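Enquirer: One file is attached below, coords39.pdb, containing PDB, C-alpha atoms.
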```pdb
ATOM      1  CA  MET A   1       1.064 -91.583  47.998  1.00  0.00           C
ATOM      2  CA  ASN A   2       3.229 -88.540  47.366  1.00  0.00           C
ATOM      3  CA  LEU A   3       3.008 -85.066  48.913  1.00  0.00           C
ATOM      4  CA  THR A   4       0.681 -83.689  46.239  1.00  0.00           C
ATOM      5  CA  GLY A   5      -1.644 -86.681  46.534  1.00  0.00           C
ATOM      6  CA  GLY A   6      -1.780 -86.256  50.307  1.00  0.00           C
ATOM      7  CA  ILE A   7      -2.623 -82.558  50.016  1.00  0.00           C
ATOM      8  CA  VAL A   8      -5.324 -83.195  47.415  1.00  0.00           C
ATOM      9  CA  LEU A   9      -6.800 -86.005  49.514  1.00  0.00           C
ATOM     10  CA  TYR A  10      -6.901 -83.746  52.576  1.00  0.00           C
ATOM     11  CA  ALA A  11      -8.484 -80.851  50.636  1.00  0.00           C
ATOM     12  CA  VAL A  12     -11.207 -83.089  49.191  1.00  0.00           C
ATOM     13  CA  LEU A  13     -11.934 -84.614  52.592  1.00  0.00           C
ATOM     14  CA  TRP A  14     -11.976 -81.185  54.245  1.00  0.00           C
ATOM     15  CA  PHE A  15     -14.555 -79.722  51.863  1.00  0.00           C
ATOM     16  CA  LEU A  16     -16.727 -82.855  51.914  1.00  0.00           C
ATOM     17  CA  THR A  17     -16.656 -82.789  55.706  1.00  0.00           C
ATOM     18  CA  LEU A  18     -17.493 -79.067  55.731  1.00  0.00           C
ATOM     19  CA  PHE A  19     -20.610 -79.661  53.637  1.00  0.00           C
ATOM     20  CA  VAL A  20     -21.669 -82.456  56.004  1.00  0.00           C
ATOM     21  CA  VAL A  21     -20.966 -80.458  59.192  1.00  0.00           C
ATOM     22  CA  MET A  22     -22.483 -77.163  58.031  1.00  0.00           C
ATOM     23  CA  PRO A  23     -26.207 -77.950  58.583  1.00  0.00           C
ATOM     24  CA  PHE A  24     -25.794 -79.490  62.071  1.00  0.00           C
ATOM     25  CA  GLY A  25     -27.151 -77.250  64.813  1.00  0.00           C
ATOM     26  CA  GLN A  26     -28.251 -74.605  62.325  1.00  0.00           C
ATOM     27  CA  ARG A  27     -31.168 -72.353  63.291  1.00  0.00           C
ATOM     28  CA  SER A  28     -33.208 -70.544  60.686  1.00  0.00           C
ATOM     29  CA  GLN A  29     -34.315 -66.934  60.978  1.00  0.00           C
ATOM     30  CA  GLN A  30     -37.861 -68.172  61.454  1.00  0.00           C
ATOM     31  CA  ASP A  31     -36.784 -70.356  64.390  1.00  0.00           C
ATOM     32  CA  ALA A  32     -34.910 -67.419  65.938  1.00  0.00           C
ATOM     33  CA  GLY A  33     -37.902 -65.115  65.410  1.00  0.00           C
ATOM     34  CA  GLU A  34     -35.832 -62.419  63.680  1.00  0.00           C
ATOM     35  CA  ILE A  35     -36.532 -62.447  59.952  1.00  0.00           C
ATOM     36  CA  VAL A  36     -34.441 -59.828  58.158  1.00  0.00           C
ATOM     37  CA  PRO A  37     -36.490 -58.019  55.476  1.00  0.00           C
ATOM     38  CA  GLY A  38     -35.610 -59.212  51.981  1.00  0.00           C
ATOM     39  CA  THR A  39     -34.348 -62.627  53.074  1.00  0.00           C
ATOM     40  CA  HIS A  40     -36.011 -66.014  53.170  1.00  0.00           C
ATOM     41  CA  ALA A  41     -37.372 -67.191  56.507  1.00  0.00           C
ATOM     42  CA  GLY A  42     -35.298 -70.372  56.183  1.00  0.00           C
ATOM     43  CA  ALA A  43     -32.011 -68.452  55.880  1.00  0.00           C
ATOM     44  CA  PRO A  44     -29.509 -69.063  58.695  1.00  0.00           C
ATOM     45  CA  ALA A  45     -29.927 -66.820  61.713  1.00  0.00           C
ATOM     46  CA  ASP A  46     -26.351 -67.005  62.909  1.00  0.00           C
ATOM     47  CA  LEU A  47     -23.585 -69.137  61.490  1.00  0.00           C
ATOM     48  CA  PRO A  48     -20.798 -70.076  63.924  1.00  0.00           C
ATOM     49  CA  VAL A  49     -18.157 -70.282  61.191  1.00  0.00           C
ATOM     50  CA  LYS A  50     -15.148 -70.571  63.501  1.00  0.00           C
ATOM     51  CA  ARG A  51     -16.622 -73.537  65.378  1.00  0.00           C
ATOM     52  CA  LYS A  52     -17.640 -75.248  62.120  1.00  0.00           C
ATOM     53  CA  VAL A  53     -14.160 -74.799  60.608  1.00  0.00           C
ATOM     54  CA  ILE A  54     -12.443 -76.176  63.718  1.00  0.00           C
ATOM     55  CA  LEU A  55     -14.791 -79.177  63.855  1.00  0.00           C
ATOM     56  CA  THR A  56     -14.326 -79.775  60.119  1.00  0.00           C
ATOM     57  CA  THR A  57     -10.548 -79.654  60.478  1.00  0.00           C
ATOM     58  CA  LEU A  58     -10.558 -82.134  63.370  1.00  0.00           C
ATOM     59  CA  ILE A  59     -12.861 -84.612  61.642  1.00  0.00           C
ATOM     60  CA  SER A  60     -11.084 -84.411  58.278  1.00  0.00           C
ATOM     61  CA  SER A  61      -7.678 -84.821  59.959  1.00  0.00           C
ATOM     62  CA  VAL A  62      -8.820 -88.052  61.600  1.00  0.00           C
ATOM     63  CA  LEU A  63     -10.306 -89.318  58.330  1.00  0.00           C
ATOM     64  CA  TRP A  64      -7.154 -88.361  56.413  1.00  0.00           C
ATOM     65  CA  SER A  65      -4.961 -90.178  58.951  1.00  0.00           C
ATOM     66  CA  ILE A  66      -7.014 -93.347  58.626  1.00  0.00           C
ATOM     67  CA  ILE A  67      -7.081 -93.274  54.815  1.00  0.00           C
ATOM     68  CA  ALA A  68      -3.392 -92.344  54.519  1.00  0.00           C
ATOM     69  CA  GLY A  69      -2.510 -95.168  56.913  1.00  0.00           C
ATOM     70  CA  ILE A  70      -4.438 -97.637  54.796  1.00  0.00           C
ATOM     71  CA  ILE A  71      -2.793 -96.416  51.585  1.00  0.00           C
ATOM     72  CA  LEU A  72       0.757 -96.145  52.950  1.00  0.00           C
ATOM     73  CA  GLY A  73       0.460 -99.384  54.921  1.00  0.00           C
ATOM     74  CA  GLY A  74      -0.271-101.298  51.741  1.00  0.00           C
ATOM     75  CA  PHE A  75      -3.580-102.699  52.964  1.00  0.00           C
ATOM     76  CA  ILE A  76      -5.196-101.583  49.697  1.00  0.00           C
ATOM     77  CA  THR A  77      -3.034-101.339  46.577  1.00  0.00           C
ATOM     78  CA  ARG A  78      -3.641-100.193  43.023  1.00  0.00           C
ATOM     79  CA  ALA A  79      -3.796-103.817  41.946  1.00  0.00           C
ATOM     80  CA  ASP A  80      -6.663-104.390  44.379  1.00  0.00           C
ATOM     81  CA  ILE A  81      -8.550-101.427  42.951  1.00  0.00           C
ATOM     82  CA  GLU A  82      -7.888-102.451  39.357  1.00  0.00           C
ATOM     83  CA  GLY A  83      -9.217-105.937  40.159  1.00  0.00           C
ATOM     84  CA  LEU A  84     -12.570-104.568  41.310  1.00  0.00           C
ATOM     85  CA  ASP A  85     -13.901-104.388  37.762  1.00  0.00           C
ATOM     86  CA  GLN A  86     -13.578-108.177  37.517  1.00  0.00           C
ATOM     87  CA  ILE A  87     -15.654-108.661  40.655  1.00  0.00           C
ATOM     88  CA  PHE A  88     -18.566-106.463  39.595  1.00  0.00           C
ATOM     89  CA  ARG A  89     -19.056-107.838  36.076  1.00  0.00           C
TER      90      ARG A  89
END
```
Spit out the file's structure as structure tokens when you get a sec.
Expert:
Amino acid sequence: MNLTGGIVLYAVLWFLTLFVVMPFGQRSQQDAGEIVPGTHAGAPADLPVKRKVILTTLISSVLWSIIAGIILGGFITRADIEGLDQIFR
């Protein structure tokens, strides 16, 4: 894996993790009891963006380290991936 591949892998993992982390602990305006006129009752009441970004960064860094270690350690190679089509036929 080269530098560009590592950056792309981290960016993809970061955004996937963000979309997974975003709904956890979320309260709707209806749950909070403060529905802003013109918005849906299920809209978020308050979004702790800073906490979500920090949590996303920590989780994606751990995932990236594990995946990069597997790739750079040679545990899974391109030949292994190319051979998968023979297994699933």
Enquirer: When you look at Ala68 (chain A) with a cut-off of 10 Å (counting only C-alpha atoms), what residues show up, excluding the ones that are within fewer than 3 positions of it in the same chain? I need them as JSON, numbers by chain.
Expert: {"A": [1, 5, 6, 9, 10, 62, 63, 64, 65, 71, 72, 73, 74]}
Enquirer: Can you spell out as a VMD selection string the set of residues that the PyMOL selection byres ((chain A and resi 39-41) around 7) selects in the structure I just provided?
Expert: chain A and resid 28 to 30 35 to 38 42 to 43
Enquirer: Using all atoms listed in the file, can you tell me which of A:Arg27, A:Thr57, A:Asp80, A:Gly33 comes closest to Ala11 (chain A)?
Expert: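 Smallest distance to Ala11 (chain A) is found for A:Thr57.
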Enquirer: Please compute the CA of Val53 (chain A)-CA of Asn2 (chain A) distance, one decimal, in Å.
Expert: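 Calculated distance between CA of Val53 (chain A) and CA of Asn2 (chain A) is 25.8 Å.
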Enquirer: Smallest atom-to-atom distance to Val12 (chain A): which of A:Ile54, A:Ser60, A:Phe24, A:Val49, using all atoms listed in the file?
Expert: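 Checking each candidate against Val12 (chain A), we get A:Ser60 as the closest.
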Enquirer: Here is a test: counting only C-alpha atoms, which residue of A:Phe75, A:Ala45, A:Thr56, A:Asp31 is nearest to Leu18 (chain A)?
Expert: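 For Leu18 (chain A), the nearest of the given residues is A:Thr56.
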